[in-house]
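The next block holds one structure in the form of structure tokens; read it before the comments.
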Amino acid sequence: MTDVVQGVQPSVIRVARAPTRIGFSMSRQTVERLMNIVSPLALIALWEICAQTGVIDVRFFPPPSKIFKVMGTMIQNGLLEKHVWASMQRLFWGILWGGVPALVLGVAMGMFRTLRMIVEPVIAATYPIPKSAILPLILLIFGLGEPSKVVMVATGVFFPILINSMAGVLEINKIYFDVGRNFGASGFQAFRTVALPGALPLIMTGVKLGVGLGLVLIAIAEMVGAKSGLGFMIWNAWEILSVETMYVGLITIAVLGLLFTLVLNEIERLIVPWKASR
Amino acid sequence: MTAALATQTAATAADDVKIRIKGLSKVFETRNGPFTALDTINLEIPTGCFFMIVGPSGCGKTTLLRILAGLDEHTSGTLEITAPAQGRPSNSMVFQGDSLFPWMTVWDNAAYGLKIRGLPRATIKETVGHYLSRVGLSQFHDSYPHQLSGGMRQRVSIARAFANDPDILLMDEPFSALDEQNKVLLQEELLRIWEETRKTVMFITHSVDEAVTMGDRIMVMTAHPGRAKIMVDVPFARPRPVLELRAQPAYGELVYNIWGHLRDEVQRARAQDEGRVK
């Protein structure tokens, strides 16, 4: 009797083990995800402890609890929302004004050798100029108002999208353009059905880089001659020595950067399904 | 069947010629001076002929096909192709290797030519549906090329070319990347679909077996520079069952015969390659 039970048991166990193994691999995934959250939380906790015990200088590194308290107040009185909204609007228009021409020009440069020969040296020469270094010039041309901020973001977004769009088209196998020609595609049809979709994976890389750079540049631009926005908020906090507010600004930018990455990754999955599932 | 075909070929010599090539040459300008890819090719292909070109690699057969497809230009000589009926394309090409757009589904790939021509949606749906079912890929219409096997991808290429309903089908070693079993299946499938419409076909291959299996007439080309070495008529009746055909002694004789013409050229091509390596 016991023999029979023993004989059966291993197979029972094996059957029972299969789901547990799946359960284990899932829990392992969860563990990894938890580690993603736990490690920054642990850092914040360590920071809090060090600040409370006086190990670090609270004038420069105020305890996170204090920062979050200030953040809470700023959310309640709508100040944070106002600054975030101002920055996001500028970022949006900047990405649009810089990104769309960059995409069209970049793809066209990839398609037409002559255009590439003409424009590429100009791009190569202007690309390495630090965008923050042209801020005074932009202020001079566009004044202290909204346009200068938008232009600042646009110049930052322009280059990564242009360069990646061009590289994206150049990387498309020539055979696809031959197919387009053989099936009678016009110049615009070749752009729409071959160059643009084929370059899309790299274009998305360019957009991600551009948006990141845009976030950097909007903060810089708003530090000069702005009355709203996250950059202004941080600069203003320095002037009134409200270190906590400064950190609120930095954290907000970090969170926005993270959100943009998540959203853009999701968009990429939707519009480049043939690459995402590879 | 054979008799009917023979009289048709005889009659076509007079007037029903689809493609007429006279003294056609192609010279590429390279760094080491001019390189003659095609040397005074003379050719008349009757309407409805399944025309095969066999030659050693590097003999310029792909160049000839690309000139016919309008993707390359010849240096001298004349090329006359009977104009297709109003609104229909002159030719569609099945390319060597992977030429399906990775960013389009099977359906959109097969519908490419028709969409470029802006045909009514209902016509596209009917035609594409028909050819996808003929190549047995109806249920894969939503898949992307990377989700298919090499044989399935080449089936979609064939469906794309047939669905475009051209006067002439150009095929550039469409099965060369497939394994032997898939190759035989696809050869049979191609012949079956071709029987429906009997379009003029120009088919390039380096396989003598394939040439004899598929073609009405075979042109054997010389090694570089590419010249027409000999024309061989294939006497087998249609429709042709591929495997049964290969069991016939006449088939073996013809293959052996053509190999006799080809062998010297392959050896010359190899000698040229080795010379180039040195």
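By order in the structure tokens, chains are A, B, ...; within a chain, residues start at 1; ligands start at 1, following the order shown.
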(request) Write out as number ranges by chain the residues lying within 9 Å of range 139-154 of chain A, counting only C-alpha atoms and excluding same-chain residues fewer than 5 positions away. (result) A: 89-99, 131-132, 134, 210-211, 213-218, 221-222, 224-226
(request) Dump as an MDAnalysis selection string the residues of chain B that approach chain A to within 8 Å, counting only C-alpha atoms. (result) chainID B and resid 69:71 91:93 99:104 112:113 116:117 144 146
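Distance annotation: of A:Val70, A:Ala86, A:Leu264, A:Leu259, the residue with the minimal separation from Ala237 in chain A is A:Val70; atom set is only C-alpha atoms.
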(message) as an MDAnalysis selection string, please: the residues near Phe50 in chain B (cut-off 10 Å, only C-alpha atoms, same-chain neighbours under 4 positions excluded).
(response) chainID B and resid 45:46 168:169 191 194 198:203 211 214:218
Go ahead and save the picked residues with N, CA and C atoms, as a short mmCIF file (atom, residue, chain, number, x, y, z; two decimals), in the first residue's frame.
data_model
loop_
_atom_site.label_atom_id
_atom_site.label_comp_id
_atom_site.auth_asym_id
_atom_site.auth_seq_id
_atom_site.Cartn_x
_atom_site.Cartn_y
_atom_site.Cartn_z
N ILE B 45 10.42 37.57 -76.91
CA ILE B 45 9.62 36.72 -76.02
C ILE B 45 8.16 36.89 -76.38
N PRO B 46 7.53 35.78 -76.85
CA PRO B 46 6.12 35.86 -77.24
C PRO B 46 5.21 36.05 -76.03
N ILE B 168 3.47 41.47 -67.53
CA ILE B 168 4.64 40.60 -67.48
C ILE B 168 5.04 40.39 -66.02
N LEU B 169 5.38 39.14 -65.71
CA LEU B 169 5.90 38.86 -64.38
C LEU B 169 7.40 38.64 -64.48
N LEU B 191 3.17 27.41 -60.80
CA LEU B 191 2.67 26.96 -62.10
C LEU B 191 1.14 26.92 -62.09
N TRP B 194 -0.15 30.38 -62.30
CA TRP B 194 0.17 30.93 -63.63
C TRP B 194 -0.80 30.40 -64.69
N ARG B 198 -1.87 32.73 -67.49
CA ARG B 198 -0.85 32.56 -68.54
C ARG B 198 -0.22 33.87 -68.97
N LYS B 199 0.21 34.62 -68.00
CA LYS B 199 0.92 35.86 -68.29
C LYS B 199 2.31 35.55 -68.84
N THR B 200 2.89 36.53 -69.49
CA THR B 200 4.27 36.39 -69.92
C THR B 200 5.16 36.44 -68.68
N VAL B 201 6.08 35.47 -68.59
CA VAL B 201 6.94 35.41 -67.41
C VAL B 201 8.39 35.42 -67.85
N MET B 202 9.20 36.17 -67.16
CA MET B 202 10.65 36.06 -67.34
C MET B 202 11.21 35.66 -65.99
N PHE B 203 11.81 34.51 -65.95
CA PHE B 203 12.18 33.87 -64.69
C PHE B 203 13.67 33.57 -64.72
N ALA B 211 14.66 25.44 -64.40
CA ALA B 211 14.39 25.98 -65.73
C ALA B 211 13.59 24.99 -66.57
N MET B 214 9.90 24.53 -65.19
CA MET B 214 8.94 25.62 -65.28
C MET B 214 8.74 26.16 -66.69
N GLY B 215 9.82 26.21 -67.47
CA GLY B 215 9.82 27.07 -68.64
C GLY B 215 9.26 26.49 -69.93
N ASP B 216 8.88 27.40 -70.85
CA ASP B 216 8.57 27.03 -72.23
C ASP B 216 9.83 27.10 -73.08
N ARG B 217 10.66 28.06 -72.73
CA ARG B 217 11.86 28.29 -73.50
C ARG B 217 12.95 28.72 -72.54
N ILE B 218 14.17 28.26 -72.78
CA ILE B 218 15.26 28.56 -71.86
C ILE B 218 16.40 29.24 -72.61
#
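For the pair CA of His206 in chain B and CA of Phe28 in chain B, the separation is 22.5 Å.
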(request) From range 70-244 of chain A, collect each residue whose DSSP state is alpha helix (DSSP H) and return the set as a PyMOL selection string. (result) chain A and resi 70-76+79-111+113-126+135-142+146-170+174-182+187-190+196-223+230-239+243-244
(request) Please run DSSP on the backbone and report, as a list in words, all residues within range 127-217 of chain B that come out as strand (DSSP E or B). (result)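 Result set for range 127-217 of chain B (strand (DSSP E or B)): Ile168, Leu169, Leu170, Met171, Asp172, Thr200, Val201, Met202, Phe203, Ile204, Thr205 and Arg217 of chain B.
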With N, CA and C atoms retained, export the selected residues as a PDB file, in the first residue's frame.
ATOM      1  N   ILE B 168       3.466  41.471 -67.526  1.00  0.00           N
ATOM      2  CA  ILE B 168       4.638  40.598 -67.477  1.00  0.00           C
ATOM      3  C   ILE B 168       5.043  40.388 -66.023  1.00  0.00           C
ATOM      4  N   LEU B 169       5.381  39.144 -65.714  1.00  0.00           N
ATOM      5  CA  LEU B 169       5.901  38.858 -64.378  1.00  0.00           C
ATOM      6  C   LEU B 169       7.396  38.643 -64.483  1.00  0.00           C
ATOM      7  N   LEU B 170       8.148  39.346 -63.654  1.00  0.00           N
ATOM      8  CA  LEU B 170       9.596  39.185 -63.642  1.00  0.00           C
ATOM      9  C   LEU B 170       9.974  38.507 -62.334  1.00  0.00           C
ATOM     10  N   MET B 171      10.731  37.426 -62.446  1.00  0.00           N
ATOM     11  CA  MET B 171      11.071  36.702 -61.223  1.00  0.00           C
ATOM     12  C   MET B 171      12.574  36.499 -61.147  1.00  0.00           C
ATOM     13  N   ASP B 172      13.139  36.995 -60.076  1.00  0.00           N
ATOM     14  CA  ASP B 172      14.585  36.947 -59.900  1.00  0.00           C
ATOM     15  C   ASP B 172      14.949  35.897 -58.860  1.00  0.00           C
ATOM     16  N   THR B 200       2.888  36.530 -69.495  1.00  0.00           N
ATOM     17  CA  THR B 200       4.273  36.394 -69.924  1.00  0.00           C
ATOM     18  C   THR B 200       5.158  36.437 -68.677  1.00  0.00           C
ATOM     19  N   VAL B 201       6.077  35.469 -68.585  1.00  0.00           N
ATOM     20  CA  VAL B 201       6.942  35.408 -67.411  1.00  0.00           C
ATOM     21  C   VAL B 201       8.394  35.419 -67.852  1.00  0.00           C
ATOM     22  N   MET B 202       9.204  36.170 -67.161  1.00  0.00           N
ATOM     23  CA  MET B 202      10.647  36.057 -67.339  1.00  0.00           C
ATOM     24  C   MET B 202      11.208  35.663 -65.993  1.00  0.00           C
ATOM     25  N   PHE B 203      11.814  34.505 -65.953  1.00  0.00           N
ATOM     26  CA  PHE B 203      12.184  33.873 -64.691  1.00  0.00           C
ATOM     27  C   PHE B 203      13.670  33.568 -64.718  1.00  0.00           C
ATOM     28  N   ILE B 204      14.380  34.079 -63.748  1.00  0.00           N
ATOM     29  CA  ILE B 204      15.821  33.861 -63.684  1.00  0.00           C
ATOM     30  C   ILE B 204      16.127  32.787 -62.669  1.00  0.00           C
ATOM     31  N   THR B 205      17.048  31.919 -63.011  1.00  0.00           N
ATOM     32  CA  THR B 205      17.419  30.882 -62.062  1.00  0.00           C
ATOM     33  C   THR B 205      18.853  30.459 -62.327  1.00  0.00           C
ATOM     34  N   ARG B 217      10.655  28.064 -72.727  1.00  0.00           N
ATOM     35  CA  ARG B 217      11.863  28.289 -73.499  1.00  0.00           C
ATOM     36  C   ARG B 217      12.953  28.718 -72.535  1.00  0.00           C
TER      37      ARG B 217
END
(request) Tell me which protein, DNA and RNA residues are within 7 Å of Gly77 in chain B, counting only C-alpha atoms, leaving out same-chain ones fewer than 2 positions away, and put them as a PyMOL selection string. (result) chain B and resi 22-25+79
